[in-house]
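**Student:** Provided herewith: my_file-v5.cif, mmCIF, C-alpha atoms.
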data_query
#
loop_
_atom_site.label_atom_id
_atom_site.label_comp_id
_atom_site.auth_asym_id
_atom_site.auth_seq_id
_atom_site.Cartn_x
_atom_site.Cartn_y
_atom_site.Cartn_z
CA MET G 41 67.83 109.48 168.77
CA LYS G 42 67.17 111.08 165.37
CA ASN G 43 63.58 111.60 166.46
CA ILE G 44 64.64 113.50 169.61
CA LEU G 45 67.12 115.52 167.52
CA ASN G 46 64.54 116.56 164.94
CA ASN G 47 61.54 117.04 167.21
CA LYS G 48 63.13 118.46 170.34
CA ILE G 49 66.72 119.69 170.00
CA TYR G 50 66.53 121.24 166.53
CA PRO G 51 63.44 123.47 167.19
CA ALA G 52 64.86 124.53 170.59
CA ALA G 53 68.19 125.42 168.96
CA VAL G 54 66.48 127.44 166.23
CA ILE G 55 64.42 129.47 168.73
CA ALA G 56 67.47 130.09 170.95
CA LEU G 57 69.66 131.08 167.99
CA LEU G 58 67.03 133.32 166.39
CA GLY G 59 66.35 135.06 169.70
CA ALA G 60 70.07 135.62 170.31
CA ALA G 61 70.64 136.80 166.73
CA VAL G 62 67.81 139.36 166.89
CA SER G 63 68.97 140.63 170.32
CA LEU G 64 72.54 141.00 169.08
CA LEU G 65 71.40 142.75 165.90
CA VAL G 66 69.32 145.27 167.89
CA CYS G 67 72.31 145.95 170.17
CA THR G 68 74.73 146.52 167.29
CA ILE G 69 72.29 148.71 165.33
CA VAL G 70 71.72 150.95 168.37
CA GLY G 71 75.20 150.82 169.91
CA ALA G 72 77.81 150.34 167.17
CA ARG G 73 79.12 152.95 164.75
CA GLY G 74 78.80 152.59 160.98
CA ALA G 75 76.89 150.24 158.70
CA VAL G 76 79.48 147.43 158.91
CA LYS G 77 79.59 147.06 162.70
CA GLY G 78 75.99 148.22 163.06
CA PHE G 79 74.64 145.32 160.99
CA LEU G 80 77.48 142.89 161.72
CA PRO G 81 75.26 139.97 162.81
CA LEU G 82 73.36 140.28 159.50
CA TRP G 83 76.57 140.40 157.38
CA LEU G 84 77.92 137.40 159.29
CA PHE G 85 74.69 135.45 158.72
CA LEU G 86 74.89 136.12 154.97
CA PHE G 87 78.63 135.38 154.88
CA PHE G 88 78.48 132.02 156.67
CA GLY G 89 75.32 131.00 154.80
CA LEU G 90 76.92 131.77 151.42
CA LEU G 91 80.18 130.13 152.51
CA ASN G 92 78.25 126.93 153.23
CA ILE G 93 76.64 127.01 149.77
CA VAL G 94 80.03 127.57 148.11
CA LEU G 95 81.76 124.85 150.15
CA ASP G 96 79.03 122.36 149.18
CA LYS G 97 80.02 122.84 145.54
CA VAL G 98 83.75 122.36 146.23
CA PRO G 99 85.05 118.74 145.70
CA HIS G 100 87.26 118.89 148.84
CA THR G 101 84.14 118.94 151.04
CA ALA G 102 83.01 115.51 149.80
CA ARG G 103 86.58 114.16 149.96
CA TRP G 104 87.48 115.24 153.53
CA LYS G 105 84.94 115.40 156.35
CA TRP G 106 87.05 117.88 158.32
CA PHE G 107 87.35 120.38 155.44
CA LYS G 108 84.15 122.37 156.02
CA PRO G 109 84.54 122.76 159.83
CA VAL G 110 88.17 123.85 159.44
CA VAL G 111 87.24 126.48 156.83
CA PHE G 112 84.44 127.82 159.04
CA VAL G 113 86.65 128.04 162.11
CA ALA G 114 89.43 129.71 160.09
CA ALA G 115 86.97 132.24 158.64
CA ALA G 116 85.61 133.00 162.12
CA LEU G 117 89.14 133.54 163.46
CA VAL G 118 90.05 135.87 160.59
CA ILE G 119 86.88 137.91 161.19
CA LEU G 120 87.63 138.13 164.92
CA LEU G 121 91.18 139.24 164.15
CA LEU G 122 89.85 142.00 161.87
CA LEU G 123 87.39 143.08 164.58
CA ALA G 124 90.28 143.22 167.07
CA LEU G 125 92.38 145.31 164.67
CA PHE G 126 89.58 147.76 163.88
CA ARG G 127 88.38 148.17 167.43
CA GLY G 128 87.70 151.91 167.32
CA MET W 117 59.70 118.80 142.73
CA LYS W 118 62.38 116.64 144.33
CA THR W 119 65.05 119.14 143.20
CA LEU W 120 63.09 121.98 144.76
CA ILE W 121 62.78 120.10 148.06
CA ASN W 122 66.53 119.35 148.04
CA LYS W 123 67.30 123.01 147.31
CA LEU W 124 65.03 124.10 150.17
CA LYS W 125 66.73 121.62 152.52
CA LYS W 126 70.16 123.00 151.53
CA PHE W 127 68.88 126.56 152.00
CA LYS W 128 67.56 125.64 155.44
CA THR W 129 70.94 124.12 156.38
CA SER W 130 72.84 127.16 155.06
CA ALA W 131 70.50 129.48 156.97
CA LEU W 132 71.06 127.52 160.17
CA ILE W 133 74.85 127.53 159.66
CA GLY W 134 74.67 131.27 158.91
CA LEU W 135 72.76 131.78 162.16
CA VAL W 136 75.23 129.71 164.21
CA GLY W 137 78.23 131.51 162.66
CA SER W 138 76.67 134.94 163.13
CA VAL W 139 75.69 134.40 166.77
CA THR W 140 79.01 132.74 167.69
CA VAL W 141 81.26 135.41 166.14
CA THR W 142 79.16 138.32 167.41
CA LEU W 143 79.07 136.90 170.95
CA LEU W 144 82.84 136.33 170.87
CA TRP W 145 83.29 139.91 169.62
CA PHE W 146 81.25 141.24 172.57
CA ILE W 147 82.90 139.01 175.17
CA LEU W 148 86.54 139.18 174.02
CA PHE W 149 86.83 142.76 172.77
CA GLY W 150 84.10 144.72 174.55
CA ASN W 151 84.42 146.68 177.76
CA ARG W 152 82.97 145.29 180.98
CA ASN W 153 79.38 146.36 180.22
CA VAL W 154 79.51 144.94 176.67
CA ARG W 155 80.97 141.70 178.01
CA THR W 156 78.10 141.46 180.51
CA LEU W 157 75.66 142.11 177.67
CA GLY W 158 77.16 139.28 175.58
CA ILE W 159 77.14 136.85 178.49
CA SER W 160 73.53 137.81 179.36
CA ILE W 161 72.33 137.12 175.82
CA LEU W 162 74.27 133.82 175.76
CA GLY W 163 72.76 132.89 179.12
CA ALA W 164 69.26 133.73 177.90
CA ALA W 165 69.79 131.59 174.78
CA VAL W 166 70.98 128.59 176.84
CA VAL W 167 68.05 128.93 179.27
CA ILE W 168 65.50 129.22 176.44
CA PHE W 169 67.10 126.19 174.70
CA VAL W 170 66.86 124.01 177.82
CA LEU W 171 63.36 125.26 178.71
CA LYS W 172 62.08 124.50 175.20
CA ILE W 173 63.31 120.91 175.38
CA VAL W 174 61.74 120.40 178.80
CA TYR W 175 58.56 122.14 177.61
CA ASP W 176 58.29 119.82 174.60
CA PHE W 177 58.63 116.73 176.78
CA VAL W 178 55.89 118.07 179.07
CA ILE W 179 53.37 118.87 176.31
CA GLU W 180 54.11 115.66 174.37
CA LYS W 181 50.97 113.97 175.58
CA VAL W 182 48.76 116.94 174.58
CA GLY W 183 46.61 116.86 171.45
CA PHE W 184 47.64 118.61 168.19
CA THR W 185 45.70 121.91 168.46
CA LYS W 186 46.79 122.56 172.01
CA LYS W 187 50.38 121.65 171.13
CA PHE W 188 50.36 124.26 168.36
CA LEU W 189 49.00 126.94 170.71
CA ALA W 190 51.48 125.90 173.38
CA ASN W 191 54.34 126.35 170.89
CA GLU W 192 53.08 129.81 169.94
CA LEU W 193 52.93 130.74 173.62
CA PHE W 194 56.49 129.53 174.12
CA ILE W 195 57.74 131.60 171.20
CA LEU W 196 56.04 134.66 172.70
CA PHE W 197 57.63 133.90 176.08
CA ALA W 198 61.06 133.49 174.42
CA LEU W 199 60.65 136.86 172.66
CA VAL W 200 59.77 138.60 175.92
CA ALA W 201 62.67 136.91 177.74
CA PHE W 202 65.20 138.00 175.11
CA LEU W 203 63.76 141.52 175.00
CA ALA W 204 63.90 141.89 178.78
CA THR W 205 67.45 140.50 178.99
CA THR W 206 68.67 142.73 176.16
CA ILE W 207 67.14 145.89 177.61
CA CYS W 208 68.45 145.24 181.14
CA ALA W 209 71.95 144.36 179.96
CA PHE W 210 72.15 146.92 177.14
CA ALA W 211 71.15 149.96 179.19
CA PRO W 212 74.49 150.25 181.04
CA VAL W 213 76.29 150.04 177.67
CA MET W 214 74.33 153.09 176.44
CA LEU W 215 74.31 154.99 179.73
CA PHE W 216 77.92 154.51 180.80
CA ALA W 217 80.05 155.30 177.75
CA SER W 218 83.31 155.52 179.71
CA VAL W 219 85.98 157.78 178.32
CA HIS W 220 89.72 157.99 178.88
CA ASP W 221 91.35 161.01 177.24
CA GLU W 222 95.05 160.10 177.51
CA ARG W 223 96.16 163.08 175.43
CA ALA W 224 94.42 165.53 177.78
CA GLN W 225 95.96 163.72 180.72
CA LYS W 226 99.49 164.12 179.31
CA ARG W 227 98.90 167.81 178.63
CA LEU W 228 97.48 168.39 182.12
CA SER W 229 100.53 166.75 183.68
CA ALA W 230 102.60 169.62 182.29
CA TYR W 231 100.60 172.05 184.49
CA VAL W 232 101.19 169.99 187.63
CA ALA W 233 104.79 171.22 187.89
CA ASN W 234 103.72 174.87 188.38
CA GLY W 235 101.10 173.91 190.95
CA ARG W 236 98.17 175.08 188.85
CA VAL W 237 96.68 171.62 188.67
CA GLU W 238 96.80 168.71 191.10
CA GLU W 239 96.06 165.08 190.30
CA LEU W 240 93.63 163.60 192.85
CA SER W 241 93.64 160.03 194.08
CA LEU W 242 90.91 158.75 196.45
CA GLU W 243 91.17 155.35 198.05
CA THR W 244 87.74 153.81 198.52
CA ALA W 245 86.48 150.34 199.43
CA ASN W 246 85.68 149.70 195.75
CA GLY W 247 88.96 150.85 194.28
CA THR W 248 90.92 154.02 193.68
CA LEU W 249 89.21 157.02 192.12
CA HIS W 250 91.23 159.52 190.10
CA GLY W 251 90.53 163.11 189.19
CA TRP W 252 91.90 166.60 188.90
CA PHE W 253 91.87 169.69 191.13
CA LEU W 254 92.30 173.09 189.52
CA HIS W 255 93.83 175.64 191.87
CA ASN W 256 92.23 178.89 190.76
CA VAL W 257 93.13 180.92 193.83
CA GLN W 258 95.83 180.95 196.46
CA GLY W 259 94.98 179.25 199.74
CA SER W 260 91.53 178.31 201.01
CA ALA W 261 88.57 179.05 198.73
CA PRO W 262 85.10 177.79 197.84
CA THR W 263 85.26 174.88 195.41
CA VAL W 264 83.05 173.66 192.60
CA LEU W 265 82.78 169.85 192.65
CA TYR W 266 81.68 168.84 189.17
CA PHE W 267 79.96 165.62 188.08
CA GLY W 268 80.28 165.19 184.34
CA GLY W 269 77.99 163.78 181.70
CA ASN W 270 78.31 160.56 179.80
CA ASN W 271 81.33 160.62 177.45
CA GLU W 272 83.11 163.15 179.68
CA ASP W 273 86.28 162.63 181.63
CA ALA W 274 88.03 164.78 184.20
CA ALA W 275 91.24 165.39 182.25
CA GLY W 276 89.41 166.66 179.16
CA ARG W 277 87.08 169.02 181.04
CA VAL W 278 89.72 170.45 183.40
CA LEU W 279 92.08 171.05 180.46
CA GLN W 280 89.31 172.86 178.60
CA ILE W 281 88.65 175.13 181.60
CA LEU W 282 92.38 175.77 182.04
CA GLU W 283 93.00 176.71 178.42
CA ASN W 284 89.77 178.59 177.66
CA GLU W 285 89.78 181.96 179.41
CA ASN W 286 86.11 182.57 178.68
CA VAL W 287 85.20 179.39 180.56
CA SER W 288 87.79 179.66 183.36
CA SER W 289 86.73 183.26 184.17
CA ILE W 290 83.29 182.11 185.40
CA PHE W 291 85.05 180.20 188.20
CA ASN W 292 87.03 183.22 189.45
CA GLY W 293 87.46 182.88 193.18
CA TYR W 294 86.65 179.15 193.09
CA HIS W 295 88.77 176.03 192.85
CA PHE W 296 87.38 173.38 190.48
CA ALA W 297 87.43 169.64 191.09
CA PHE W 298 86.29 166.79 188.85
CA ILE W 299 86.72 163.15 189.83
CA ASP W 300 86.10 160.44 187.24
CA TYR W 301 83.26 158.01 187.86
CA PRO W 302 84.16 154.35 188.57
CA GLY W 303 85.17 152.84 185.25
CA TYR W 304 85.88 156.24 183.66
CA GLY W 305 89.34 157.75 183.10
CA ASN W 306 91.78 156.10 185.49
CA SER W 307 89.16 155.43 188.18
CA GLU W 308 88.79 151.79 189.17
CA GLY W 309 85.47 150.06 189.68
CA VAL W 310 82.31 149.27 187.78
CA SER W 311 79.91 151.96 186.53
CA SER W 312 76.49 151.68 188.14
CA GLU W 313 73.97 153.87 189.93
CA GLU W 314 75.19 152.68 193.34
CA SER W 315 78.88 153.16 192.57
CA PHE W 316 78.20 156.67 191.22
CA LYS W 317 76.32 157.63 194.39
CA ARG W 318 79.10 156.24 196.61
CA MET W 319 81.71 158.02 194.53
CA GLY W 320 79.82 161.31 194.84
CA LEU W 321 79.71 161.15 198.61
CA SER W 322 83.36 160.06 198.87
CA ALA W 323 84.46 162.92 196.60
CA TYR W 324 82.48 165.47 198.64
CA ASP W 325 83.75 164.23 202.00
CA CYS W 326 87.35 164.04 200.79
CA LEU W 327 87.30 167.60 199.45
CA MET W 328 85.66 169.01 202.60
CA ASN W 329 88.59 167.59 204.59
CA ARG W 330 91.09 169.61 202.55
CA GLU W 331 92.54 172.76 204.09
CA ASP W 332 92.25 174.69 200.83
CA VAL W 333 88.49 174.01 200.47
CA SER W 334 86.23 176.31 202.53
CA LYS W 335 82.88 175.19 201.09
CA ILE W 336 81.57 173.23 198.12
CA THR W 337 79.16 174.11 195.34
CA LEU W 338 78.01 171.00 193.54
CA MET W 339 77.67 171.09 189.76
CA GLY W 340 76.35 168.43 187.42
CA TYR W 341 75.82 168.02 183.71
CA SER W 342 73.41 165.54 182.12
CA LEU W 343 74.08 162.11 183.72
CA GLY W 344 75.99 163.89 186.50
CA THR W 345 72.99 165.98 187.57
CA GLY W 346 71.51 162.92 189.27
CA VAL W 347 74.73 162.34 191.21
CA ALA W 348 75.07 166.05 192.13
CA ASN W 349 71.45 166.15 193.26
CA TYR W 350 71.90 162.97 195.34
CA VAL W 351 74.98 164.34 197.10
CA ALA W 352 73.24 167.70 197.65
CA GLY W 353 70.40 165.85 199.37
CA GLN W 354 72.78 163.93 201.63
CA ARG W 355 75.19 166.75 202.52
CA GLN W 356 75.01 170.53 203.00
CA PRO W 357 76.65 172.16 200.00
CA SER W 358 76.67 175.92 199.61
CA GLY W 359 75.15 175.72 196.13
CA LEU W 360 73.91 173.43 193.39
CA ILE W 361 74.09 173.94 189.61
CA LEU W 362 72.49 171.47 187.23
CA MET W 363 72.86 171.61 183.43
CA ALA W 364 70.42 169.50 181.37
CA PRO W 365 69.00 167.76 184.46
CA TYR W 366 66.57 164.84 184.36
CA ALA W 367 63.86 163.87 186.85
CA ASP W 368 64.72 160.15 186.96
CA GLY W 369 66.20 157.28 184.95
CA TYR W 370 62.78 156.38 183.48
CA ASP W 371 62.78 159.66 181.56
CA LEU W 372 66.27 158.92 180.20
CA TYR W 373 65.28 155.44 179.02
CA ASN W 374 62.07 156.78 177.47
CA SER W 375 64.05 159.40 175.56
CA TYR W 376 65.76 156.47 173.73
CA ALA W 377 62.57 154.41 173.28
CA ASP W 378 59.26 155.56 174.72
CA ILE W 379 58.15 152.13 175.94
CA PHE W 380 59.10 152.10 179.63
CA HIS W 381 55.67 152.51 181.15
CA GLY W 382 53.54 150.22 183.30
CA PRO W 383 55.14 146.77 183.77
CA LEU W 384 58.08 147.65 181.46
CA ARG W 385 59.31 150.14 184.10
CA ALA W 386 60.66 147.06 185.91
CA LEU W 387 63.32 146.78 183.17
CA VAL W 388 64.85 150.15 184.08
CA SER W 389 67.96 149.38 186.12
CA PHE W 390 69.31 152.96 186.34
CA LYS W 391 66.59 154.67 188.34
CA MET W 392 68.52 157.63 189.82
CA ARG W 393 65.39 159.25 191.27
CA SER W 394 66.54 162.87 191.19
CA VAL W 395 62.97 164.03 191.94
CA LYS W 396 63.19 162.23 195.27
CA PHE W 397 66.71 163.51 196.09
CA ALA W 398 65.56 167.09 195.41
CA GLN W 399 63.14 166.95 198.33
CA THR W 400 66.02 166.94 200.85
CA VAL W 401 68.20 169.57 199.16
CA THR W 402 68.76 172.51 201.52
CA VAL W 403 69.91 175.11 199.00
CA LYS W 404 68.19 176.94 196.14
CA PRO W 405 69.71 175.43 193.00
CA LEU W 406 70.25 176.78 189.50
CA LEU W 407 68.74 174.56 186.80
CA LEU W 408 69.59 175.15 183.14
CA ALA W 409 67.56 173.35 180.48
CA SER W 410 66.89 173.61 176.77
CA LYS W 411 63.67 172.87 174.89
CA ALA W 412 65.81 171.67 171.98
CA ASP W 413 67.74 169.13 174.10
CA GLU W 414 67.54 165.91 172.11
CA GLU W 415 68.77 163.66 174.94
CA VAL W 416 67.21 164.94 178.16
CA PRO W 417 63.58 165.94 177.61
CA TYR W 418 62.80 169.50 178.71
CA GLU W 419 59.67 168.25 180.48
CA SER W 420 61.88 166.04 182.66
CA SER W 421 63.85 169.10 183.80
CA VAL W 422 60.57 170.93 184.54
CA ARG W 423 59.34 167.95 186.57
CA LEU W 424 62.52 168.13 188.63
CA PHE W 425 62.46 171.88 189.29
CA GLU W 426 59.01 171.59 190.92
CA GLN W 427 60.48 169.42 193.73
CA TYR W 428 62.85 171.81 195.51
CA GLU W 429 61.59 172.95 198.92
CA LYS W 430 63.67 176.13 198.87
CA GLY W 431 62.54 176.94 195.35
CA CYS W 432 64.73 176.90 192.28
CA ASN W 433 66.26 179.25 189.69
CA PHE W 434 65.03 177.58 186.52
CA VAL W 435 66.52 179.03 183.34
CA THR W 436 65.41 177.94 179.89
CA ILE W 437 68.18 178.34 177.32
CA ASP W 438 66.79 178.74 173.83
CA GLU W 439 67.48 176.27 171.07
CA ILE W 440 70.71 174.64 172.22
CA GLY W 441 71.47 170.96 171.75
CA HIS W 442 72.40 168.60 174.56
CA ASN W 443 76.14 168.90 173.86
CA ASP W 444 76.15 172.71 173.51
CA PHE W 445 75.78 173.78 177.15
CA TRP W 446 79.47 174.34 177.88
CA GLY W 447 79.89 176.29 174.64
CA THR W 448 76.91 178.64 175.15
CA GLN W 449 77.67 182.12 176.58
CA GLU W 450 74.22 182.44 178.19
CA VAL W 451 74.85 179.25 180.20
CA LEU W 452 78.29 180.45 181.33
CA ASP W 453 76.83 183.86 182.33
CA GLU W 454 74.10 182.23 184.44
CA ILE W 455 76.66 180.01 186.20
CA GLU W 456 78.93 182.98 186.86
CA LYS W 457 75.99 185.00 188.25
CA TYR W 458 74.98 182.12 190.56
CA LEU W 459 78.51 181.58 191.84
CA LYS W 460 78.93 185.31 192.60
CA GLN W 461 75.77 185.40 194.81
#
Since I need it in another form, could you write the structure as structure tokens?

**Tutor:**
Amino acid sequence: MKNILNNKIYPAAVIALLGAAVSLLVCTIVGARGAVKGFLPLWLFLFFGLLNIVLDKVPHTARWKWFKPVVFVAAALVILLLLALFRG
Amino acid sequence: MKTLINKLKKFKTSALIGLVGSVTVTLLWFILFGNRNVRTLGISILGAAVVIFVLKIVYDFVIEKVGFTKKFLANELFILFALVAFLATTICAFAPVMLFASVHDERAQKRLSAYVANGRVEELSLETANGTLHGWFLHNVQGSAPTVLYFGGNNEDAAGRVLQILENENVSSIFNGYHFAFIDYPGYGNSEGVSSEESFKRMGLSAYDCLMNREDVSKITLMGYSLGTGVANYVAGQRQPSGLILMAPYADGYDLYNSYADIFHGPLRALVSFKMRSVKFAQTVTVKPLLLASKADEEVPYESSVRLFEQYEKGCNFVTIDEIGHNDFWGTQEVLDEIEKYLKQ
């Protein structure tokens, strides 16, 4: 199972995610207004990547398995709420 | 060395999590908070990602038995295929987002409603098979009169334009003796429906036929600006208007796409979904139109307007306006003078 995950699913996921990320970035650069919304996929990539690094250093992550996923979901919801509020 | 490998593994994991978070939130932003075209774009990119994901897994199972060198080449080929697939999907789904920037000027609408009471302005409502279309009719004269039916550009809605004509004497004077009608495209203003080439063409014909059935409309001069020139030209080719005025006209959708990114040639022309072949429609137009174009137009290439003017059987009044930008036509006196001269003929 681990073999299939590493050799098949992981590379397929990376290609699909990279392709989607680049497409979305091109769309926001061309279509959205301002540097924040224009490069939003890039800012989100940096934000979630850094958040993961920070959470790995926090003791709660080792203590509770659910801690990291909950923080990520909460962060995503807050960002979506901000995007809804600043829709213009 | 072991520390470096661990750090690289953590970096790889963080990068992957960053990618997942970025794609998920951006897709949700498109799908939950975008308009219909943006939602379609988000779903198209998601669909492409799922298809590529599944295809890659199947592809790997199929090439499993192949030797190392060929496997490497096969992977490179798949990555190239995935790039092309994402590019094609993005272009096809993104084009309507750029082309159809629907507008709804509620403030202009409220202000126009104040003129309805004195009969100067009438709100139009057309029932069609694809939903109700809304627009405005400016009564410039008493009783029956020729009427200008206007098809606006991208980012233009009926309420805003009609209000501008009503409140700007310099602009309204060019339409002396004419009523003026502007119906919002499907998906624009209060008009129902989805913006597309087909829905715009249907809307154009419906608007023309509806106005011709009115007792206060004796004949119709079609007028188009930018995106609307294709619609005006199409309707002019299908009906018998008394005149045709086109501001910043384009020859076809390929020219519009190439003005954004000059790549839509050869096989990439297949990615152009908004074709609006104005050059073809021009061949059946039965009047001599007025075409107004600028060499400094940054959105519709001047050469595209020239390519269009060569197609009219009855000839064409082609006027080059010096050094005005794409959004300056309505504010340029020379343009207004040419329109007034044409309408008085």

**Student:** If we count all atoms listed in the file, what is near segment 339-355 of chain W at a cut-off of 7 Å, once residues fewer than 2 positions away on the same chain are taken out, given as a PyMOL selection string?

**Tutor:** chain W and resi 264-270+316-317+320-321+337+357+360-365+392+394+397-398+400-401

**Student:** In Å, with one decimal, what is the gap from atom CA of Leu86 of chain G to atom CA of Leu124 of chain W?

**Tutor:**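 Result for atom CA of Leu86 of chain G versus atom CA of Leu124 of chain W: 16.3 Å, one decimal.
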
**Student:** Would you write out, as a short mmCIF file (atom, residue, chain, number, x, y, z; two decimals) with C-alpha atoms, in the frame of the given file, every residue that the PyMOL selection byres ((chain G) within 6 of (chain W)) captures in this file?

**Tutor:**
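Generated file (selection04.cif):
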data_model
loop_
_atom_site.label_atom_id
_atom_site.label_comp_id
_atom_site.auth_asym_id
_atom_site.auth_seq_id
_atom_site.Cartn_x
_atom_site.Cartn_y
_atom_site.Cartn_z
CA LYS G 48 63.13 118.46 170.34
CA ALA G 52 64.86 124.53 170.59
CA ALA G 53 68.19 125.42 168.96
CA ALA G 56 67.47 130.09 170.95
CA ALA G 61 70.64 136.80 166.73
CA PRO G 81 75.26 139.97 162.81
CA LEU G 84 77.92 137.40 159.29
CA PHE G 85 74.69 135.45 158.72
CA PHE G 88 78.48 132.02 156.67
CA GLY G 89 75.32 131.00 154.80
CA ASN G 92 78.25 126.93 153.23
#

**Student:** Could you tell me how far atom CA of Lys404 of chain W sits from atom CA of Glu439 of chain W, in Å to one decimal place?

**Tutor:**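 Answer for the atom CA of Glu439 of chain W to atom CA of Lys404 of chain W separation: 25.1 Å.
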
**Student:** When you count all atoms listed in the file, which of these residues is closest to Ile93 of chain G: W:Asn191, W:Lys125, W:Val178, W:His255?

**Tutor:** W:Lys125

**Student:** Report as an MDAnalysis selection string all protein, DNA and RNA residues lying within 12 Å of Glu419 of chain W, evaluated on all atoms listed in the file, omitting residues in the same chain fewer than 3 positions from it.

**Tutor:** chainID W and resid 364:368 371:372 375 409:416 422:426 436

**Student:** Please expand the PyMOL selection byres ((chain W and resi 309) around 12) into the concrete residues it hits in this file, giving the result as a ChimeraX atom specification.

**Tutor:** /W:152-153,218,243-250,300-308,310-312,314-316,318-319

**Student:** Which distance in Å separates atom CA of Phe291 of chain W and atom CA of Leu254 of chain W, to one decimal?

**Tutor:** 10.2 Å

**Student:** Convert the output of the PyMOL selection byres ((chain W and resi 236) around 12) on the shown file into explicit residues, formatted as a PyMOL selection string.

**Tutor:** chain W and resi 228-235+237-239+252-258+278-279+281-283+295-296

**Student:** Go ahead and find all residues with at least one atom no further than 12 Å from (61.5, 147.9, 185.0) in the file's coordinates, using all atoms listed in the file; report them as a ChimeraX atom specification.

**Tutor:** /W:204-205,207-208,211,369-370,373-374,379-391

**Student:** Show me the residues close to (72.0, 141.7, 167.0) - anything with an atom within 8 Å, counting all atoms listed in the file - and format the list as a list in words.

**Tutor:** Ala60, Ala61, Val62, Ser63, Leu64, Leu65, Val66, Cys67, Thr68, Ile69, Phe79, Leu80, Pro81 and Leu82 of chain G; Thr142 of chain W

**Student:** Could you check which of W:Val395, W:Val287, W:Cys432, W:Ala297 is closest to Thr448 of chain W, using all atoms listed in the file?

**Tutor:**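 Checking each of W:Val395, W:Val287, W:Cys432, W:Ala297 against Thr448 of chain W, counting all atoms listed in the file, the winner is W:Val287.
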
**Student:** Kindly list the centre and edge lengths in Å, rounded to one decimal, for the axis-aligned box that covers all listed atoms of segment 451-460 of chain W plus 6 Å on each of its six sides, as lines of an AutoDock Vina configuration file.

**Tutor:**
center_x = 76.5
center_y = 182.3
center_z = 186.4
size_x = 16.8
size_y = 18.1
size_z = 24.4

**Student:** Which residues, written as JSON, numbers by chain, have at least one atom at most 9 Å from Phe112 of chain G, with all atoms listed in the file counted and residues fewer than 3 positions away on the same chain left out?

**Tutor:** {"G": [88, 91, 92, 107, 108, 109, 115, 116, 117], "W": [137]}

**Student:** Please produce an output containing C-alpha atoms for each residue in the selection, written as a JSON list (two decimals), in the frame of the given file.

**Tutor:**
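Output saved as out-v2.json:
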[["chain", "number", "residue", "atom", "x", "y", "z"],
["G", 88, "PHE", "CA", 78.48, 132.02, 156.67],
["G", 91, "LEU", "CA", 80.18, 130.13, 152.51],
["G", 92, "ASN", "CA", 78.25, 126.93, 153.23],
["G", 107, "PHE", "CA", 87.35, 120.38, 155.44],
["G", 108, "LYS", "CA", 84.15, 122.37, 156.02],
["G", 109, "PRO", "CA", 84.54, 122.76, 159.83],
["G", 115, "ALA", "CA", 86.97, 132.24, 158.64],
["G", 116, "ALA", "CA", 85.61, 133.00, 162.12],
["G", 117, "LEU", "CA", 89.14, 133.54, 163.46],
["W", 137, "GLY", "CA", 78.23, 131.51, 162.66]]
